[in-house]
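Visitor: Structure file my_file.cif (mmCIF, C-alpha atoms) right here:
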data_final
loop_
_atom_site.label_atom_id
_atom_site.label_comp_id
_atom_site.auth_asym_id
_atom_site.auth_seq_id
_atom_site.Cartn_x
_atom_site.Cartn_y
_atom_site.Cartn_z
CA MET A 1 -3.04 -5.81 -13.23
CA ALA A 2 -3.34 -8.02 -10.14
CA LEU A 3 -0.16 -9.92 -10.97
CA TRP A 4 1.74 -6.74 -11.81
CA LEU A 5 0.75 -5.13 -8.52
CA ALA A 6 1.76 -8.25 -6.63
CA SER A 7 5.13 -8.18 -8.40
CA GLN A 8 5.56 -4.67 -6.98
CA GLY A 9 5.05 -5.98 -3.45
CA MET A 10 1.41 -4.95 -3.14
CA PRO A 11 -0.93 -7.64 -1.73
CA VAL A 12 -4.11 -7.81 -3.81
CA HIS A 13 -7.59 -9.27 -3.33
CA PRO A 14 -10.66 -9.63 -5.54
CA LEU A 15 -13.53 -7.19 -5.84
CA ALA A 16 -16.94 -8.51 -6.83
CA PRO A 17 -17.59 -8.10 -10.59
CA GLY A 18 -18.91 -4.64 -11.44
CA THR A 19 -18.44 -3.29 -7.90
CA LYS A 20 -15.79 -1.76 -5.67
CA THR A 21 -16.47 -4.11 -2.75
CA PRO A 22 -15.01 -7.57 -2.02
CA PRO A 23 -16.99 -10.68 -2.93
CA ALA A 24 -19.02 -12.48 -0.28
CA ASN A 25 -17.39 -14.87 2.17
CA CYS A 26 -17.74 -18.60 1.66
CA ALA A 27 -20.75 -20.38 3.17
CA ARG A 28 -18.73 -21.66 6.13
CA CYS A 29 -17.59 -18.18 7.08
CA ARG A 30 -21.09 -16.78 6.71
CA GLU A 31 -22.47 -19.46 9.01
CA GLN A 32 -19.76 -19.34 11.68
CA HIS A 33 -19.44 -15.53 11.85
CA HIS A 34 -15.78 -15.64 12.87
CA GLY A 35 -13.28 -12.84 12.38
CA PRO A 36 -10.42 -12.79 9.86
CA SER A 37 -7.81 -13.91 12.40
CA ALA A 38 -9.78 -17.09 13.18
CA CYS A 39 -10.55 -17.91 9.54
CA PRO A 40 -8.85 -20.96 7.96
CA CYS A 41 -9.70 -19.81 4.45
CA THR A 42 -6.61 -17.67 3.90
CA ALA A 43 -4.33 -20.67 4.37
CA GLU A 44 -6.56 -22.60 1.98
CA GLY A 45 -6.30 -19.96 -0.74
CA ARG A 46 -9.82 -18.51 -0.46
CA TRP A 47 -10.73 -14.84 -0.75
CA CYS A 48 -12.87 -14.56 2.40
CA HIS A 49 -12.83 -11.42 4.58
CA GLY A 50 -11.98 -8.92 1.88
CA PHE A 51 -8.64 -7.15 2.17
CA HIS A 52 -7.60 -9.47 5.02
CA ALA A 53 -7.13 -12.17 2.37
CA ALA A 54 -4.85 -10.01 0.19
CA THR A 55 -1.72 -11.76 -1.03
CA THR A 56 1.25 -11.49 -3.38
CA ASP A 57 1.24 -15.25 -4.01
CA THR A 58 1.02 -15.51 -7.80
CA ASP A 59 -0.42 -19.03 -7.77
CA VAL A 60 -3.28 -17.98 -5.49
CA ILE A 61 -3.91 -14.84 -7.55
CA ARG A 62 -4.02 -16.78 -10.82
CA ASP A 63 -6.46 -19.27 -9.27
CA TRP A 64 -8.78 -16.49 -8.04
CA TRP A 65 -9.02 -14.82 -11.44
CA ARG A 66 -9.27 -18.18 -13.18
CA GLN A 67 -12.40 -18.83 -11.13
CA GLU A 68 -13.86 -15.38 -11.90
CA PRO A 69 -12.14 -13.43 -14.72
CA GLU A 70 -14.45 -10.45 -14.15
CA PHE A 71 -13.17 -9.75 -10.65
CA GLY A 72 -11.92 -6.22 -10.01
CA VAL A 73 -8.68 -5.65 -8.12
CA GLY A 74 -8.28 -4.28 -4.62
CA VAL A 75 -4.99 -3.53 -2.84
CA SER A 76 -4.64 -3.88 0.93
CA CYS A 77 -3.01 -0.55 1.82
CA GLY A 78 -1.38 -1.42 5.14
CA PRO A 79 0.67 -4.45 4.03
CA ALA A 80 1.42 -2.70 0.72
CA GLY A 81 2.84 0.30 2.56
CA LEU A 82 0.43 2.64 0.81
CA VAL A 83 -1.17 5.88 1.91
CA VAL A 84 -3.81 6.92 -0.62
CA ILE A 85 -5.42 10.36 -0.50
CA ASP A 86 -9.00 9.82 -1.65
CA VAL A 87 -10.54 13.05 -2.98
CA ASP A 88 -14.34 12.98 -3.08
CA THR A 89 -16.85 15.07 -5.01
CA HIS A 90 -20.05 13.95 -3.29
CA PRO A 91 -22.89 16.49 -3.29
CA ALA A 92 -23.19 17.68 0.31
CA PRO A 93 -23.89 20.91 2.19
CA LEU A 94 -20.78 22.89 3.03
CA PRO A 95 -19.95 22.38 6.73
CA ASP A 96 -18.91 25.02 9.20
CA ARG A 97 -15.50 26.60 8.50
CA GLY A 98 -14.06 24.82 11.52
CA ARG A 99 -14.66 21.43 9.91
CA LEU A 100 -13.19 22.13 6.49
CA LEU A 101 -9.61 21.64 7.69
CA PRO A 102 -9.71 20.03 11.15
CA GLY A 103 -7.52 21.89 13.60
CA ILE A 104 -6.92 24.84 11.27
CA PRO A 105 -9.12 27.90 11.79
CA ILE A 106 -10.06 29.60 8.53
CA ASP A 107 -10.27 33.37 8.85
CA GLU A 108 -13.63 34.92 7.96
CA ARG A 109 -11.83 37.06 5.39
CA VAL A 110 -11.01 33.95 3.32
CA ASP A 111 -13.57 33.79 0.51
CA LEU A 112 -14.97 30.26 0.25
CA THR A 113 -17.23 30.98 -2.70
CA GLY A 114 -17.26 27.98 -5.04
CA LEU A 115 -15.75 25.55 -2.56
CA GLY A 116 -17.70 22.32 -2.87
CA SER A 117 -15.49 19.22 -2.96
CA GLY A 118 -12.37 17.52 -1.66
CA TYR A 119 -10.40 19.01 -4.53
CA ASP A 120 -11.03 22.44 -3.02
CA THR A 121 -10.21 21.58 0.59
CA LEU A 122 -7.03 19.70 -0.37
CA ALA A 123 -5.90 22.64 -2.52
CA LEU A 124 -6.73 25.01 0.35
CA LEU A 125 -4.65 22.93 2.78
CA ALA A 126 -1.72 22.88 0.35
CA ALA A 127 -1.99 26.65 -0.22
CA LEU A 128 -2.01 27.36 3.53
CA ARG A 129 1.13 25.21 3.90
CA ARG A 130 2.65 26.79 0.77
CA ARG A 131 3.03 23.40 -0.86
CA PRO A 132 2.02 22.06 -4.29
CA ASP A 133 -1.49 20.67 -4.63
CA PRO A 134 -1.25 16.84 -4.38
CA ALA A 135 -4.10 16.50 -6.88
CA ARG A 136 -1.72 17.91 -9.50
CA ASP A 137 1.24 15.73 -8.49
CA GLY A 138 2.19 13.98 -11.71
CA GLY A 139 5.18 12.43 -9.97
CA THR A 140 3.03 9.80 -8.31
CA LEU A 141 0.25 7.45 -9.39
CA ARG A 142 -3.12 9.22 -9.60
CA VAL A 143 -6.33 7.38 -10.45
CA ARG A 144 -9.54 9.05 -11.56
CA THR A 145 -12.63 7.44 -10.05
CA PRO A 146 -15.92 6.93 -11.95
CA SER A 147 -17.60 9.61 -9.80
CA GLY A 148 -14.99 12.22 -10.78
CA GLY A 149 -12.96 11.88 -7.59
CA LEU A 150 -9.26 11.13 -7.40
CA HIS A 151 -7.04 8.60 -5.66
CA ILE A 152 -3.51 9.89 -5.06
CA TRP A 153 -1.22 6.96 -4.25
CA TYR A 154 1.83 7.47 -2.03
CA ARG A 155 4.32 5.16 -0.39
CA ALA A 156 4.40 5.38 3.41
CA PRO A 157 7.79 5.99 5.04
CA LEU A 158 9.16 2.60 6.06
CA GLY A 159 9.81 2.40 9.78
CA SER A 160 7.40 5.22 10.64
CA PRO A 161 4.30 4.64 12.80
CA ALA A 162 1.38 3.06 10.99
CA ILE A 163 -1.01 5.51 9.37
CA ARG A 164 -4.69 4.77 9.92
CA SER A 165 -7.51 5.15 7.45
CA SER A 166 -10.10 7.90 7.92
CA SER A 167 -13.15 9.57 6.42
CA GLY A 168 -13.24 13.23 5.48
CA SER A 169 -16.48 13.59 7.41
CA SER A 170 -15.11 12.06 10.61
CA THR A 171 -15.08 14.09 13.82
CA ARG A 172 -12.13 12.07 15.16
CA ALA A 173 -9.36 11.80 12.56
CA ALA A 174 -9.79 13.62 9.25
CA LEU A 175 -7.36 15.35 6.92
CA ALA A 176 -9.90 17.61 5.21
CA TRP A 177 -13.59 17.71 4.37
CA GLN A 178 -14.37 15.27 1.51
CA VAL A 179 -10.81 13.94 1.64
CA ASP A 180 -10.55 10.35 2.88
CA VAL A 181 -7.32 8.53 3.75
CA ARG A 182 -6.85 4.90 2.74
CA ALA A 183 -4.03 3.30 4.72
CA THR A 184 -3.73 0.68 7.47
CA GLY A 185 -7.08 -1.02 7.93
CA GLY A 186 -8.36 -0.24 4.45
CA TYR A 187 -7.99 -1.02 0.77
CA ILE A 188 -7.97 0.88 -2.51
CA VAL A 189 -9.42 0.03 -5.92
CA ALA A 190 -6.70 -0.58 -8.50
CA PRO A 191 -6.64 1.26 -11.83
CA GLY A 192 -8.32 -0.64 -14.64
CA THR A 193 -11.08 -1.99 -12.41
CA ARG A 194 -14.49 -1.62 -14.05
CA THR A 195 -17.66 -1.03 -12.06
CA ALA A 196 -21.26 -0.31 -13.01
CA ALA A 197 -20.45 3.40 -12.59
CA GLY A 198 -17.37 3.33 -14.83
CA THR A 199 -13.66 2.51 -14.86
CA TYR A 200 -10.89 3.58 -12.49
CA GLU A 201 -8.40 5.25 -14.84
CA ALA A 202 -4.74 6.09 -14.21
CA LEU A 203 -3.97 9.70 -15.15
CA PRO A 204 -0.92 10.73 -17.19
CA GLY A 205 2.26 10.78 -15.14
CA SER A 206 3.91 8.23 -12.90
CA ARG A 207 2.54 4.70 -12.86
CA THR A 208 4.00 3.96 -9.41
CA PRO A 209 3.50 5.62 -6.00
CA ALA A 210 6.04 8.21 -4.93
CA PRO A 211 7.17 8.63 -1.31
CA LEU A 212 4.60 10.42 0.84
CA PRO A 213 5.60 14.12 0.95
CA LEU A 214 6.98 15.09 4.34
CA TRP A 215 4.46 17.89 4.77
CA LEU A 216 1.53 15.52 4.18
CA HIS A 217 3.04 13.04 6.61
CA ALA A 218 3.22 15.83 9.19
CA GLU A 219 -0.41 16.77 8.51
CA LEU A 220 -1.52 13.17 8.99
CA ALA A 221 0.31 13.04 12.31
CA ARG A 222 -1.25 16.35 13.34
CA THR A 223 -4.77 15.16 12.51
CA GLY A 224 -4.55 11.93 14.52
CA HIS A 225 -3.79 9.40 11.81
CA HIS A 226 -1.07 7.70 13.85
CA PRO A 227 -2.54 5.14 16.28
CA ALA A 228 -1.44 5.33 19.90
CA PRO A 229 1.92 3.57 20.31
CA GLN A 230 1.75 0.04 21.69
CA PRO A 231 4.35 -1.19 24.20
CA GLY A 232 6.82 -3.68 22.84
CA PRO A 233 10.39 -4.12 21.63
CA GLU A 234 11.70 -1.58 19.18
CA ARG A 235 12.43 -2.73 15.66
CA ALA A 236 15.11 -1.24 13.48
CA PRO A 237 13.66 0.38 10.33
CA VAL A 238 14.73 -0.88 6.94
CA PRO A 239 17.24 1.59 5.44
CA ARG A 240 16.29 3.25 2.16
CA SER A 241 19.84 3.74 1.04
CA GLY A 242 23.40 3.57 2.24
CA ARG A 243 24.86 1.08 4.68
CA THR A 244 24.23 0.39 8.32
CA ALA A 245 26.61 -0.62 11.06
CA PRO A 246 27.19 -4.37 11.36
CA THR A 247 24.61 -6.14 13.48
CA PRO A 248 25.16 -9.27 15.56
CA PRO A 249 24.14 -12.55 13.90
CA THR A 250 20.69 -13.86 14.72
CA ALA A 251 19.60 -17.39 15.48
CA GLY A 252 19.11 -19.36 12.27
CA ALA A 253 21.13 -16.88 10.19
CA ASP A 254 22.89 -19.65 8.24
CA ASP A 255 19.55 -21.22 7.28
CA ALA A 256 18.16 -17.80 6.33
CA HIS A 257 21.11 -17.15 4.01
CA ARG A 258 20.73 -20.65 2.55
CA ILE A 259 17.10 -19.94 1.66
CA LEU A 260 17.76 -16.46 0.29
CA ALA A 261 20.86 -17.34 -1.75
CA PRO A 262 19.08 -18.97 -4.73
CA LEU A 263 16.39 -16.27 -4.75
CA LEU A 264 19.01 -13.51 -4.82
CA ALA A 265 20.88 -15.41 -7.53
CA GLU A 266 17.71 -15.40 -9.68
CA VAL A 267 17.46 -11.63 -9.24
CA ARG A 268 21.12 -11.10 -10.18
CA ALA A 269 20.76 -13.37 -13.21
CA CYS A 270 18.26 -10.90 -14.69
CA ALA A 271 21.25 -8.72 -15.57
CA GLN A 272 21.81 -11.00 -18.55
CA ALA A 273 18.74 -9.56 -20.35
CA PRO A 274 17.11 -6.11 -20.20
CA SER A 275 13.56 -7.54 -20.21
CA GLY A 276 11.54 -10.72 -20.33
CA THR A 277 13.11 -12.19 -17.18
CA ALA A 278 10.23 -11.62 -14.69
CA PHE A 279 12.63 -9.40 -12.73
CA GLY A 280 9.89 -7.72 -10.65
CA GLU A 281 8.32 -11.02 -9.68
CA LYS A 282 11.70 -12.51 -8.70
CA LEU A 283 12.69 -9.48 -6.65
CA ASN A 284 9.29 -9.45 -4.96
CA ARG A 285 9.58 -13.15 -4.09
CA ALA A 286 13.06 -12.68 -2.63
CA ALA A 287 12.04 -9.64 -0.58
CA PHE A 288 8.80 -11.23 0.64
CA THR A 289 10.73 -14.29 1.80
CA ALA A 290 13.35 -12.10 3.46
CA GLY A 291 10.63 -10.21 5.30
CA GLY A 292 9.22 -13.48 6.64
CA LEU A 293 12.64 -14.66 7.77
CA ALA A 294 13.30 -11.32 9.48
CA ALA A 295 9.91 -11.40 11.21
CA ALA A 296 10.80 -14.81 12.64
CA GLY A 297 14.10 -13.43 13.97
CA HIS A 298 16.46 -15.38 11.68
CA ILE A 299 18.00 -12.35 9.95
CA THR A 300 17.84 -8.59 10.46
CA LEU A 301 15.83 -6.21 8.29
CA PRO A 302 18.85 -3.96 7.57
CA GLU A 303 20.83 -6.98 6.34
CA CYS A 304 17.89 -8.05 4.17
CA ALA A 305 17.65 -4.59 2.65
CA ASP A 306 21.36 -4.53 1.85
CA LEU A 307 21.35 -7.96 0.22
CA LEU A 308 18.26 -7.22 -1.83
CA THR A 309 19.41 -3.76 -2.89
CA ASP A 310 22.80 -5.06 -4.04
CA ALA A 311 21.18 -7.83 -6.10
CA ALA A 312 18.45 -5.62 -7.59
CA ASN A 313 20.73 -2.74 -8.54
CA ALA A 314 23.24 -5.13 -10.09
CA ALA A 315 20.49 -6.50 -12.32
CA ARG A 316 18.65 -3.24 -13.05
CA PRO A 317 20.99 -0.32 -12.24
CA GLY A 318 18.79 2.19 -14.05
CA ARG A 319 15.70 1.72 -11.91
CA GLN A 320 16.96 2.13 -8.36
CA ARG A 321 13.89 4.03 -7.17
CA ARG A 322 11.53 1.31 -8.36
CA ASN A 323 13.81 -1.39 -6.96
CA ARG A 324 13.65 0.30 -3.57
CA PHE A 325 9.88 0.48 -3.71
CA VAL A 326 9.51 -3.24 -4.51
CA ILE A 327 11.97 -4.17 -1.77
CA ASP A 328 10.36 -1.98 0.90
CA SER A 329 6.82 -3.10 0.01
CA ALA A 330 7.60 -6.81 -0.19
CA LEU A 331 9.66 -6.77 3.01
CA ARG A 332 6.73 -5.16 4.77
CA ALA A 333 4.23 -7.63 3.30
CA GLY A 334 6.45 -10.59 4.14
CA SER A 335 6.88 -9.45 7.72
CA HIS A 336 3.22 -10.34 8.32
CA ARG A 337 3.99 -14.01 7.65
CA PRO A 338 7.02 -15.20 9.67
CA ILE A 339 9.05 -18.00 8.07
CA HIS A 340 10.98 -20.57 10.11
CA PRO A 341 13.73 -22.19 8.03
CA LYS A 342 13.48 -25.66 9.61
CA GLY A 343 12.54 -28.14 6.94
CA ARG A 344 12.92 -25.67 4.07
CA SER A 345 15.46 -26.05 1.31
#
I need this file expressed as structure tokens, please.
Guide:
Amino acid sequence: MALWLASQGMPVHPLAPGTKTPPANCARCREQHHGPSACPCTAEGRWCHGFHAATTDTDVIRDWWRQEPEFGVGVSCGPAGLVVIDVDTHPAPLPDRGRLLPGIPIDERVDLTGLGSGYDTLALLAALRRRPDPARDGGTLRVRTPSGGLHIWYRAPLGSPAIRSSSGSSTRAALAWQVDVRATGGYIVAPGTRTAAGTYEALPGSRTPAPLPLWLHAELARTGHHPAPQPGPERAPVPRSGRTAPTPPTAGADDAHRILAPLLAEVRACAQAPSGTAFGEKLNRAAFTAGGLAAAGHITLPECADLLTDAANAARPGRQRRNRFVIDSALRAGSHRPIHPKGRS
């Protein structure tokens, strides 16, 4: 599962055997008490600092699970471009009406008899907005948790403000009571992971995340899930389809194209066979590299998206939606690790 997720552009990290939490840091990290940004372990292929160590590097992933085959799998939501609606069923007293759906007053005439979990508050929110209940959305990946809760996986809109994680009991940013949000700054347990409480099981329906519904995106913005904007230069969003106007060449563009050319050729070559060509892994590698080159200013994101989309759709014309997901996710993940072409071949 870890390798498949990485091939879809989702950075993964280990979870301690039988649990839903990352394994302990190495002895050096425990002694020095430094933060993830100051830790040398990531560059050395260690799993310290939980989701901060998440990667799509297949060699690193294989080495991790070779060392401990019983590891569970976590996905770092921010770099993966995921927004996961985490529906809880924890026994807890029903809060005041004003806290069931933050910011939405619930009229006293609304009968709340039987309401007792995140399933109920999420359904209530959807009903008030006259939208389908996300818990019943078979068009996206849904994972049943051992406690009877539900993880509803969605793909964040590329180019939109980051979406922060939250707890359904928070007084600051919360979507609904007993409904958590796993996004930037958090991770999610992958389906198939076994814990002492049971296994995380994918429900019937889609096996990949669908785009976040616009109405849910609006609700997340309304409830404070977008961090305050930081000053800085604007970046052009990666297009999801179509073509963009030509952009001026960037410094190092020739080197960037030289590096991408063989990777794109590997993707196109997959057209020779319908399966068994590691297409997802090759597309992910090309997009991750492109994201790093774009982050370093050697090529533009729109140009990357066009090149990758052309190659992917030429090889697998029947799976354009999945191609787009891999490209968007891997570009985003790669953008966290700038690549400078000097010395590369």
Visitor: Which of these residues is nearest to Asp86 in chain A, using only C-alpha atoms: A:Trp65, A:Phe288, A:Tyr187, A:Trp47?
Guide: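 Among the listed residues, A:Tyr187 lies closest to Asp86 in chain A.
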Visitor: If you apply the PyMOL selection byres ((chain A and resi 145) around 8) to this file, what residues do you get, as a list in words?
Guide: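 Output from the PyMOL selection byres ((chain A and resi 145) around 8), applied to this file: Val143, Arg144, Pro146, Ser147, Gly148, Gly149, Leu150, His151, Gly198, Thr199, Tyr200 and Glu201 of chain A.
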Visitor: List the spatial neighbours of range 115-125 of chain A as a list in words - criterion: any atom at most 8 Å away, all atoms listed in the file, same-chain residues fewer than 4 positions off excluded.
Guide: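 These residues fall inside the cut-off: Val87, Asp88, Thr89, His90, Pro91, Ala92, Leu94, Leu100, Leu101, Arg129, Asp133, Pro134, Ala135, Ala176, Trp177, Gln178 and Val179 of chain A.
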Visitor: How big is the axis-aligned box around all listed atoms of range 133-149 of chain A once 4 Å goes on each side, and where's its centre, in Å to one decimal, as JSON?
Guide:
{"center_x": -6.2, "center_y": 13.8, "center_z": -8.2, "size_x": 30.8, "size_y": 21.7, "size_z": 15.6}
Visitor: How would you write, as a PDB file with C-alpha atoms, keeping the file's coordinate frame, the residues chosen by the PyMOL selection byres ((chain A and resi 137) around 12) on this structure?
Guide:
ATOM      1  CA  ILE A  85      -5.420  10.360  -0.500  1.00  0.00           C
ATOM      2  CA  ALA A 123      -5.900  22.640  -2.520  1.00  0.00           C
ATOM      3  CA  ALA A 126      -1.720  22.880   0.350  1.00  0.00           C
ATOM      4  CA  ARG A 131       3.030  23.400  -0.860  1.00  0.00           C
ATOM      5  CA  PRO A 132       2.020  22.060  -4.290  1.00  0.00           C
ATOM      6  CA  ASP A 133      -1.490  20.670  -4.630  1.00  0.00           C
ATOM      7  CA  PRO A 134      -1.250  16.840  -4.380  1.00  0.00           C
ATOM      8  CA  ALA A 135      -4.100  16.500  -6.880  1.00  0.00           C
ATOM      9  CA  ARG A 136      -1.720  17.910  -9.500  1.00  0.00           C
ATOM     10  CA  GLY A 138       2.190  13.980 -11.710  1.00  0.00           C
ATOM     11  CA  GLY A 139       5.180  12.430  -9.970  1.00  0.00           C
ATOM     12  CA  THR A 140       3.030   9.800  -8.310  1.00  0.00           C
ATOM     13  CA  LEU A 141       0.250   7.450  -9.390  1.00  0.00           C
ATOM     14  CA  ARG A 142      -3.120   9.220  -9.600  1.00  0.00           C
ATOM     15  CA  VAL A 143      -6.330   7.380 -10.450  1.00  0.00           C
ATOM     16  CA  LEU A 150      -9.260  11.130  -7.400  1.00  0.00           C
ATOM     17  CA  HIS A 151      -7.040   8.600  -5.660  1.00  0.00           C
ATOM     18  CA  ILE A 152      -3.510   9.890  -5.060  1.00  0.00           C
ATOM     19  CA  TRP A 153      -1.220   6.960  -4.250  1.00  0.00           C
ATOM     20  CA  TYR A 154       1.830   7.470  -2.030  1.00  0.00           C
ATOM     21  CA  LEU A 203      -3.970   9.700 -15.150  1.00  0.00           C
ATOM     22  CA  PRO A 204      -0.920  10.730 -17.190  1.00  0.00           C
ATOM     23  CA  GLY A 205       2.260  10.780 -15.140  1.00  0.00           C
ATOM     24  CA  SER A 206       3.910   8.230 -12.900  1.00  0.00           C
ATOM     25  CA  ARG A 207       2.540   4.700 -12.860  1.00  0.00           C
ATOM     26  CA  PRO A 209       3.500   5.620  -6.000  1.00  0.00           C
ATOM     27  CA  ALA A 210       6.040   8.210  -4.930  1.00  0.00           C
ATOM     28  CA  PRO A 211       7.170   8.630  -1.310  1.00  0.00           C
ATOM     29  CA  LEU A 212       4.600  10.420   0.840  1.00  0.00           C
ATOM     30  CA  PRO A 213       5.600  14.120   0.950  1.00  0.00           C
TER      31      PRO A 213
END
Visitor: Could you tell me which residues the PyMOL selection byres ((chain A and resi 190-195) around 7) returns for this structure, as a list in words?
Guide: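 Taken over the shown coordinates, the PyMOL selection byres ((chain A and resi 190-195) around 7) returns Gly18, Thr19, Lys20, Gly72, Val73, Gly74, Val75, Val143, Ile188, Val189, Ala196, Ala197, Gly198, Thr199, Tyr200, Glu201 and Ala202 of chain A.
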Visitor: Go ahead and write the residues just picked, C-alpha atoms, as a tab-separated table (two decimals), keeping the file's coordinate frame.
Guide:
chain	number	residue	atom	x	y	z
A	18	GLY	CA	-18.91	-4.64	-11.44
A	19	THR	CA	-18.44	-3.29	-7.90
A	20	LYS	CA	-15.79	-1.76	-5.67
A	72	GLY	CA	-11.92	-6.22	-10.01
A	73	VAL	CA	-8.68	-5.65	-8.12
A	74	GLY	CA	-8.28	-4.28	-4.62
A	75	VAL	CA	-4.99	-3.53	-2.84
A	143	VAL	CA	-6.33	7.38	-10.45
A	188	ILE	CA	-7.97	0.88	-2.51
A	189	VAL	CA	-9.42	0.03	-5.92
A	196	ALA	CA	-21.26	-0.31	-13.01
A	197	ALA	CA	-20.45	3.40	-12.59
A	198	GLY	CA	-17.37	3.33	-14.83
A	199	THR	CA	-13.66	2.51	-14.86
A	200	TYR	CA	-10.89	3.58	-12.49
A	201	GLU	CA	-8.40	5.25	-14.84
A	202	ALA	CA	-4.74	6.09	-14.21
Visitor: Please indicate the distance in Å from CA of Thr58 in chain A to CA of Arg316 in chain A, rounded to one decimal place.
Guide: 22.1 Å
Visitor: Between A:Cys39, A:Ala269, A:Leu128, A:Ala290, which residue has the minimum interatomic distance to Glu303 in chain A, considering all atoms listed in the file?
Guide: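 With all atoms listed in the file as the atom set, the closest residue is A:Ala290.
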Visitor: Point out the residue among A:Asn25, A:Thr113, A:Gln67, A:Ser166 with the least atom-to-atom distance to Val83 in chain A, counting all atoms listed in the file.
Guide: A:Ser166
Visitor: Taking all atoms listed in the file into account, name the residue in A:Leu308, A:Cys29, A:Asp59, A:Ala333 that is nearest to Gln320 in chain A.
Guide: A:Leu308
Visitor: So, counting all atoms listed in the file, which residue among A:Leu112, A:Leu5, A:Ala311, A:Leu301 is closest to Leu158 in chain A?
Guide: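 Between A:Leu112, A:Leu5, A:Ala311, A:Leu301, the residue approaching Leu158 in chain A most closely is A:Leu301.
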